[in-house]
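K.L.:
My structure is below; once you've seen it, I'll send some questions.
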Amino acid sequence: MHIEHGEEDALMNHSYTYTITDDNNSTFRVHGLKNSVPKIILTAFLTLLSGGGLLLVMHWYPNVEVILTKKKAKLREATYVHVQSTVTEIQGVSKIRQTEEGRNFTFQYLKYQWNDEQFNSIRGLENLYYSDIHAMSSGLIQEVLSFKLLRYGYNIIDVPIPSYIKLFFKEIIQPFYIFQIFAVALWMWDDYRLYATAIIIISLVSIGITIVEQRGQNKKIHDMAASSIDVHVLRDGIETVLPSSELVPGDALLIPREGLLLCCDAVLVSGSAIVNECALTGESVPVTKAPIPYISKYVYEEGGNSESKSEFKVTEDKIYDSAADKKFSLYSGTAVIQSKPGSGDNSVAIVIRTGFNTFKGSLIRSILCPKPIKFDFETDAKRFITMLSFFAACGFIYTAYISLKLGGSIGKTLRLGLDLVTVVVPPALPAALTIGVLYAVQRLKSYKIFCIEPQRINFCGKIQYICFDKTGTLTEDGLTVLSAIPSTEKGFSEPVTTGEGLSQHQLLQSALASCHEISTIKGELVGDPLDVEMFKFTGWEIDDDGDVVVAMVKPRSSPSVYSNPELVSEDPEIGIIRAFPFTSDLQRMSVVCKDLNGGDDLVVFCKGSPEMIASLSSPDSIPADFEETLLSYTSEGFRVIAFAWKPLDMPWHSVQTMPRSGAECGLQFIGLLVMENHLKEDTTQCITELSLSNTQVCMVTGDNILTAITVGKKCGIIPSVNHDVILMKPANREGRGVALQLDFREDSSVVLSDCYTVQEVVEVLNQLSSKQHVFAVSSAAFTLISTFHPILYDLLLTRGKIFARMKPGQKQQLVEDLQKLGYIVSMCGDGANDCGALKASHAGVSLSEAEASIAAPFTSTTPSISCMLEVLRQGRAALVTASVTFRFMAMYSMIQFISVLLHYSFGSNLTDSQFLFIDLFVISGIAATLGRSQPARELAPTTPQSQLVDLRVFVLLVSHVILTGAVQLSLLQYLKSQPFFTPFSPNDELKEGACFENTALFTISGFQYALYGLVLMKGAPHRMPVYKNWLFLIVFVTCTVMTGLFIFQPFPWLTGLMNLVSFETFSVQITFVMGVTINLLLAAIIEMVFSGRTITRFLENVRFFSRPKARYIQIQDQWGAAYSDFTSKNFYK
């Protein structure tokens, strides 16, 4: 957690506020507050005056509580702090506590301590040098334990499980249920007891289901977070057993050989460990952890000469960084499968963080305190409800006029007006809008896709861009060794395709056998799949049970020196003394080895990306045909790993203090390993379907750029027809130029130019005959372009297809920058190095076997990108359902609004039983089945519309409202012209009861509710046709038949139950049926006309209602024009 000095503003100077940035780079402003006695007294009076309503408002809007009860104060004097995000809507008020340690407050489960100038976060041990961590190996002393517990608290991730009563009251004070309580009270006042009782029952059932589900979810999170075991630690140098909840930062944790479940974040200082991190990352491959190096003041460091001699030098101690030093870090929630003590009976790790400050605690906090996500549909829904409220206000005024004109009392007038408000803004609207999401979640489960954030389902309906990881996502997890290519003084020798053939090239054979991070568990090799396949290719075996070295490797025919130390074998036995682990940032790993049957000479073997190994190797050791050979394999899509070595002139015992830079320099290149990574069977088909749906896709990988381009061509990410690939590379190591290289489809390359400005890039691209280009960049070029060439970077984001050698942080940056251009972005990866990008995207999908993985909102237990097709299909169907349901509920409100207003005009109203039939039978039935339509089998080339407030929707709504009003008025006037018609007499006040007008309006509106459910029901292109939703059709037919029975009235008991009168003549009954049939046809025609492409485009471009184009669309428009337009001033308007 980093604390910055707050900026001065018009309201507060630096004494009143500070800016804090948490470990997720979320920035918050902290304002000092105090209680204001005058404000509190005034607020209490207003609360009594409002009947407690003000308390609800303050609960819904915390800012209101701050304004009404608090005053600003200097932070050193404040008793409260108001914490507010500078980007999102996250905010909260926390009380400052005074403890023995001083003043502190807690926000989002993190503690902040006052230090006489500002509040600092208390996260654990920070800014520790490697030597400081090793100095803690003997454990804490008793004198500091009480201080540590007071400062850091107990090592628990406490996720309370609220009681049902607490959840119940928390639920009913939501705005939706407060409005329902208001509506039910109004209906009870108006003697609509039957309907009100039914609503109470339904609401209680709904609340009950909700709180049971919420409590179950809380229990799952609680069970996920809770872990308490007995652990062994060193206290005062003595081994002590205590509950894991009493661990504090600085404790020396003892890890037994058989492993344990970790309950804290720690740094390994002695021994090694094999850890399963699947619960946090979704990656099922065990990870080997090494002890953090001990760096004293004087260490051996590389002298830098060509003979690789080492000399004694002074070096600076390093500061431990949990992000960069993952190889030495153990994380809470992971399981140590097996440990190998360095000395003694146990491995030793120093506790760094506990509780919510751990990596697991951070993930739990991300669930408990998610970042709010904004979506056009939800914003428009609120605006639409505001618009409906305007109609309600107009209706209220009209009702008051009619009621008072008929001599109604003030109370009666107020009741009728408020009753009309509940008609226009239906209380059931929020519940109806969640139906499509619930259906989508259940369907995704049937495809073994699990969602922990259902609110992101609607985002999936608008996904426009998908970033795919390569290895394990587009391609198979496993790698197959194709060949090893030894390097000689004359160049590369012939490829070796078997392990036996490597015996003639002992250096490369030894490098393949030893340069890895493989361990064994119960005789099985565990580690990175690449390492496992590489080691199997050598035909050697590994023994990691010894205490002298990390591991020993030897040919299978050679017995172990551990079983018989006096035995001397002609075959080499290589002991791995120290390993520098592979990291994505460095793109390499290395080991220090010794021939256990030879002398005391030490050697370093290093492997990594060919580009990285070549840069670390002596130029005269690199074959002249290196680039040509590398290109020949990478252009075919093969994975290529390079190897180098050097002798190490250093005493054995000094290796542990040698810095990594001393091992990985002055190397001699010795060869390549070529591995094949096959595409998954359905990858190409899935990419093709996504491309046909106009969903942009790109590959984000840590592999070689040419390998990635070839895989991209094979799977279809790079279009195979009329598209050239422009490779972007740094023009030189120190400048800011970009080298453009044209990669032709026949796999040859031509260097176009080195460009230092965007104008130069434009000129080069304009010289090409084809304007159909896609871009491929390496990690270095990505950093260069994003930093120094913003216009070119925007172009790269919209046309980039291959992002190679990308580090985890760059993957996340890519996703976030795509979002800034207006894309709805999804990331699909294996959940390991992709965690940051998965969390940053709108809808991250992790391919993992761990159902409970919390690395992404969506987790597919089927490791195939076909899950993306299903996520998009279900998301689009859910978004259409939400739009259809919203429009249906709006039409239901307006139809009933018109019907009730017409009732008021002649002094009557719908009866209790009629309201009950409409709301519980017709509306609930249709709303519940609108979302049962299955998604379309194929993805359409367009995404569903998510805007509810645009001219087209407004015109459609007004047209339908005018139509329904005209039909009701026309049929009512026709009825009044009949000789048997008798007008209703209200006896000078509004009443409800049996009359011709009531029967007509009730039956007409009953038909209209059902027919608009059918008219608004959308099928193609995003959902299956309407006729396949058989449950909806049953409800529609049932509602239509029931309303028909109310017109023809064959059952007198039914007529009496609904308080209806007979129309007496068959011709009137048929006329009513024909009238609503015409209504149905005209409504369908209106929908078809205004859904046409020409009218839709015209209405969308009307300036008053049109919205500015997303940034990526502006860039694409400019791309379609002349390239020179990219530099025009209009481009950034």
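Going by the structure tokens order, chains are called A, B, ..., each with residues numbered from 1, while ligands are numbered from 1 in the order shown.
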Against region 802-825 of chain A, which residues of region 423-531 of chain A fall within 8 Å? For each one I want the closest pair of atoms and the distance in Å (one decimal), counting only C-alpha atoms, rows by chain and increasing residue number, as JSON lines.
P.N.:
{"residue": "A:Phe459", "atom": "CA", "partner": "A:Ile824", "partner_atom": "CA", "distance": 7.3}
{"residue": "A:Lys462", "atom": "CA", "partner": "A:Ile824", "partner_atom": "CA", "distance": 6.3}
{"residue": "A:Ile463", "atom": "CA", "partner": "A:Ile824", "partner_atom": "CA", "distance": 4.8}
{"residue": "A:Gln464", "atom": "CA", "partner": "A:Ile824", "partner_atom": "CA", "distance": 5.5}
{"residue": "A:Tyr465", "atom": "CA", "partner": "A:Val825", "partner_atom": "CA", "distance": 4.9}
{"residue": "A:Ile466", "atom": "CA", "partner": "A:Val825", "partner_atom": "CA", "distance": 5.8}
{"residue": "A:Cys467", "atom": "CA", "partner": "A:Val825", "partner_atom": "CA", "distance": 7.7}
K.L.:
Can you tell me which residues surround Thr885 (chain A) at a distance of at most 9 Å, considering only C-alpha atoms, apart from same-chain residues fewer than 4 positions away, and format the answer as a list in words?
P.N.:
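After dropping sequence-adjacent residues, the list is Leu429, Ala432, Leu433, Ile435, Gly436, Val880, Thr881, Met889, Ala890, Ala927, Leu930, Gly931, Gly1013, Leu1016 and Met1017 of chain A.
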K.L.:
Output all heavy atoms for every residue in that selection, as an mmCIF file, in the first residue's frame.
P.N.:
data_model
loop_
_atom_site.group_PDB
_atom_site.id
_atom_site.type_symbol
_atom_site.label_atom_id
_atom_site.label_comp_id
_atom_site.auth_asym_id
_atom_site.auth_seq_id
_atom_site.Cartn_x
_atom_site.Cartn_y
_atom_site.Cartn_z
ATOM 1 N N LEU A 429 -40.586 -4.786 -11.226
ATOM 2 C CA LEU A 429 -39.645 -4.584 -12.327
ATOM 3 C C LEU A 429 -38.241 -5.117 -12.029
ATOM 4 O O LEU A 429 -37.683 -5.859 -12.850
ATOM 5 C CB LEU A 429 -39.600 -3.099 -12.700
ATOM 6 C CG LEU A 429 -38.659 -2.723 -13.842
ATOM 7 C CD1 LEU A 429 -39.055 -3.446 -15.117
ATOM 8 C CD2 LEU A 429 -38.667 -1.211 -14.068
ATOM 9 N N ALA A 432 -38.108 -8.874 -12.237
ATOM 10 C CA ALA A 432 -38.305 -9.382 -13.589
ATOM 11 C C ALA A 432 -37.035 -9.295 -14.420
ATOM 12 O O ALA A 432 -36.755 -10.161 -15.261
ATOM 13 C CB ALA A 432 -39.440 -8.606 -14.269
ATOM 14 N N LEU A 433 -36.220 -8.257 -14.168
ATOM 15 C CA LEU A 433 -35.015 -8.051 -14.966
ATOM 16 C C LEU A 433 -33.922 -9.067 -14.655
ATOM 17 O O LEU A 433 -32.980 -9.216 -15.437
ATOM 18 C CB LEU A 433 -34.479 -6.633 -14.741
ATOM 19 C CG LEU A 433 -35.342 -5.497 -15.294
ATOM 20 C CD1 LEU A 433 -34.729 -4.149 -14.933
ATOM 21 C CD2 LEU A 433 -35.512 -5.616 -16.794
ATOM 22 N N ILE A 435 -34.417 -12.275 -14.349
ATOM 23 C CA ILE A 435 -34.818 -13.611 -14.801
ATOM 24 C C ILE A 435 -33.855 -14.150 -15.851
ATOM 25 O O ILE A 435 -33.404 -15.296 -15.787
ATOM 26 C CB ILE A 435 -36.257 -13.582 -15.339
ATOM 27 C CG1 ILE A 435 -37.231 -13.333 -14.181
ATOM 28 C CG2 ILE A 435 -36.606 -14.884 -16.048
ATOM 29 C CD1 ILE A 435 -38.670 -13.161 -14.604
ATOM 30 N N GLY A 436 -33.527 -13.308 -16.856
ATOM 31 C CA GLY A 436 -32.637 -13.769 -17.914
ATOM 32 C C GLY A 436 -31.272 -14.174 -17.386
ATOM 33 O O GLY A 436 -30.680 -15.153 -17.852
ATOM 34 N N VAL A 880 -30.810 -9.863 -24.410
ATOM 35 C CA VAL A 880 -32.075 -9.722 -25.147
ATOM 36 C C VAL A 880 -33.256 -9.922 -24.208
ATOM 37 O O VAL A 880 -34.242 -9.183 -24.252
ATOM 38 C CB VAL A 880 -32.137 -10.721 -26.322
ATOM 39 C CG1 VAL A 880 -33.528 -10.738 -26.944
ATOM 40 C CG2 VAL A 880 -31.103 -10.372 -27.375
ATOM 41 N N THR A 881 -33.149 -10.930 -23.330
ATOM 42 C CA THR A 881 -34.224 -11.180 -22.364
ATOM 43 C C THR A 881 -34.440 -9.975 -21.471
ATOM 44 O O THR A 881 -35.582 -9.573 -21.202
ATOM 45 C CB THR A 881 -33.882 -12.412 -21.506
ATOM 46 O OG1 THR A 881 -33.810 -13.567 -22.351
ATOM 47 C CG2 THR A 881 -34.933 -12.639 -20.431
ATOM 48 N N MET A 889 -42.502 -4.895 -19.383
ATOM 49 C CA MET A 889 -42.982 -4.325 -18.125
ATOM 50 C C MET A 889 -43.366 -2.856 -18.308
ATOM 51 O O MET A 889 -44.316 -2.360 -17.676
ATOM 52 C CB MET A 889 -41.901 -4.452 -17.057
ATOM 53 C CG MET A 889 -41.559 -5.882 -16.675
ATOM 54 S SD MET A 889 -42.941 -6.798 -15.971
ATOM 55 C CE MET A 889 -43.121 -5.984 -14.387
ATOM 56 N N ALA A 890 -42.639 -2.139 -19.176
ATOM 57 C CA ALA A 890 -42.995 -0.750 -19.453
ATOM 58 C C ALA A 890 -44.350 -0.674 -20.146
ATOM 59 O O ALA A 890 -45.193 0.177 -19.813
ATOM 60 C CB ALA A 890 -41.917 -0.089 -20.306
ATOM 61 N N ALA A 927 -43.799 -12.658 -17.731
ATOM 62 C CA ALA A 927 -42.460 -12.184 -17.363
ATOM 63 C C ALA A 927 -41.537 -13.340 -16.988
ATOM 64 O O ALA A 927 -40.336 -13.309 -17.282
ATOM 65 C CB ALA A 927 -42.557 -11.190 -16.216
ATOM 66 N N LEU A 930 -40.598 -15.268 -20.442
ATOM 67 C CA LEU A 930 -39.936 -14.562 -21.544
ATOM 68 C C LEU A 930 -38.479 -14.997 -21.686
ATOM 69 O O LEU A 930 -37.938 -15.052 -22.791
ATOM 70 C CB LEU A 930 -39.992 -13.046 -21.311
ATOM 71 C CG LEU A 930 -41.306 -12.331 -21.623
ATOM 72 C CD1 LEU A 930 -41.229 -10.878 -21.179
ATOM 73 C CD2 LEU A 930 -41.647 -12.417 -23.104
ATOM 74 N N GLY A 931 -37.834 -15.286 -20.564
ATOM 75 C CA GLY A 931 -36.412 -15.620 -20.588
ATOM 76 C C GLY A 931 -36.106 -17.081 -20.804
ATOM 77 O O GLY A 931 -34.929 -17.468 -20.792
ATOM 78 N N GLY A 1013 -46.784 -9.325 -24.958
ATOM 79 C CA GLY A 1013 -45.789 -10.329 -24.609
ATOM 80 C C GLY A 1013 -45.331 -11.084 -25.842
ATOM 81 O O GLY A 1013 -44.145 -11.398 -25.992
ATOM 82 N N LEU A 1016 -43.418 -8.393 -28.428
ATOM 83 C CA LEU A 1016 -42.084 -7.995 -27.987
ATOM 84 C C LEU A 1016 -41.131 -9.164 -27.829
ATOM 85 O O LEU A 1016 -39.930 -8.977 -27.642
ATOM 86 C CB LEU A 1016 -42.179 -7.232 -26.657
ATOM 87 C CG LEU A 1016 -42.981 -5.928 -26.695
ATOM 88 C CD1 LEU A 1016 -43.068 -5.323 -25.304
ATOM 89 C CD2 LEU A 1016 -42.370 -4.939 -27.666
ATOM 90 N N MET A 1017 -41.662 -10.373 -27.877
ATOM 91 C CA MET A 1017 -40.837 -11.574 -27.709
ATOM 92 C C MET A 1017 -39.876 -11.712 -28.885
ATOM 93 O O MET A 1017 -40.298 -11.900 -30.027
ATOM 94 C CB MET A 1017 -41.742 -12.800 -27.633
ATOM 95 C CG MET A 1017 -41.006 -14.089 -27.410
ATOM 96 S SD MET A 1017 -40.445 -14.228 -25.721
ATOM 97 C CE MET A 1017 -40.017 -15.951 -25.655
#
K.L.:
Between A:Ser720, A:Leu388, A:Val481, A:Gly546, which one has atoms that come closest to Leu957 (chain A), using only C-alpha atoms?
P.N.:
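For Leu957 (chain A), the nearest of the given residues is A:Leu388.
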K.L.:
Would you please work out which residue, of A:Asp419, A:Val231, A:Phe582, A:Ala393, is nearest to Val348 (chain A) when using only C-alpha atoms?
P.N.:
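The shortest atom-to-atom distance to Val348 (chain A) comes from A:Val231.
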K.L.:
Select, from A:Val57, A:Gln338, A:Arg383, A:Asp223, the residue with the minimum atom-to-atom distance to Asp545 (chain A), counting only C-alpha atoms.
P.N.:
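Nearest to Asp545 (chain A): A:Gln338.
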K.L.:
Could you tell me, as a VMD selection string, which residues of region 487-714 of chain A DSSP assigns to alpha helix (DSSP H) when given the backbone?
P.N.:
chain A and resid 506 to 514 529 to 538 610 to 616 626 to 634 660 to 663 683 to 692 705 to 714
K.L.:
Pick out the closest residue to Arg578 (chain A) from this set: A:Arg876, A:Arg660, A:Lys1109, A:Lys340. Count only C-alpha atoms.
P.N.:
A:Arg660
K.L.:
For a test of reading the model, state the distance in Å between CA of Gln180 (chain A) and CA of Thr43 (chain A), rounded to one decimal.
P.N.:
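About the pair CA of Gln180 (chain A) and CA of Thr43 (chain A): they are 25.7 Å apart.
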K.L.:
Might you pull out every residue within 12 Å of Gly491 (chain A), with only C-alpha atoms counted and same-chain residues fewer than 3 positions away left off, and present them as a ChimeraX atom specification?
P.N.:
/A:485-488,494-495,620-629,669-672
K.L.:
For those residues, write C-alpha atoms to a file as a CSV table (one decimal), in the first residue's frame.
P.N.:
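Contents of out31.csv, as written:
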chain,number,residue,atom,x,y,z
A,485,ILE,CA,20.0,-29.1,-32.4
A,486,PRO,CA,23.6,-29.0,-31.0
A,487,SER,CA,25.8,-26.1,-31.8
A,488,THR,CA,29.4,-26.6,-32.9
A,494,GLU,CA,22.2,-32.3,-37.7
A,495,PRO,CA,19.0,-32.4,-35.4
A,620,ASP,CA,31.6,-15.8,-31.2
A,621,SER,CA,29.7,-18.8,-29.7
A,622,ILE,CA,26.5,-18.1,-31.7
A,623,PRO,CA,26.3,-20.0,-35.0
A,624,ALA,CA,26.3,-17.8,-38.1
A,625,ASP,CA,23.0,-19.4,-39.2
A,626,PHE,CA,21.3,-18.8,-35.9
A,627,GLU,CA,18.6,-16.4,-37.2
A,628,GLU,CA,17.9,-18.5,-40.3
A,629,THR,CA,17.6,-21.8,-38.3
A,669,PHE,CA,25.8,-21.0,-26.7
A,670,ILE,CA,25.4,-24.8,-27.0
A,671,GLY,CA,22.2,-25.5,-28.9
A,672,LEU,CA,18.4,-25.5,-29.3
K.L.:
What's the 7 Å shell around Glu676 (chain A), counting only C-alpha atoms, without same-chain residues fewer than 3 positions away, as an NGL selection string?
P.N.:
:A and (479-482 or 638-639)
K.L.:
Can you tell me which residues surround region 1058-1067 of chain A at a distance of at most 7 Å, considering only C-alpha atoms, apart from same-chain residues fewer than 2 positions away, and format the answer as a VMD selection string?
P.N.:
chain A and resid 913 to 914 993 to 996 999 1054 to 1056 1069 to 1071
K.L.:
Pull C-alpha atoms from the residues just selected and write them as a PDB file, in the first residue's frame.
P.N.:
ATOM      1  CA  SER A 913     -59.853  -9.707  -8.204  1.00  0.00           C
ATOM      2  CA  GLN A 914     -59.151  -8.065 -11.561  1.00  0.00           C
ATOM      3  CA  GLY A 993     -67.542  -2.439  -9.348  1.00  0.00           C
ATOM      4  CA  ALA A 994     -69.369  -4.251 -12.117  1.00  0.00           C
ATOM      5  CA  CYS A 995     -70.234  -2.035 -15.075  1.00  0.00           C
ATOM      6  CA  PHE A 996     -69.974  -2.097 -18.857  1.00  0.00           C
ATOM      7  CA  THR A 999     -65.739  -5.036 -18.222  1.00  0.00           C
ATOM      8  CA  LEU A1054     -66.478 -16.871 -13.340  1.00  0.00           C
ATOM      9  CA  THR A1055     -68.278 -13.701 -14.345  1.00  0.00           C
ATOM     10  CA  GLY A1056     -69.370 -13.102 -10.761  1.00  0.00           C
ATOM     11  CA  GLN A1069     -68.142  -9.798 -28.373  1.00  0.00           C
ATOM     12  CA  ILE A1070     -66.774 -10.585 -31.853  1.00  0.00           C
ATOM     13  CA  THR A1071     -66.058  -6.891 -32.451  1.00  0.00           C
TER      14      THR A1071
END
K.L.:
Hey, what's within 12 Å of Thr710 (chain A) if we count only C-alpha atoms and toss same-chain stuff fewer than 5 positions away? As a PyMOL selection string, please?
P.N.:
chain A and resi 470+631-639+677-679+699+703-705+715-720+725+743-747+776+801-802+804
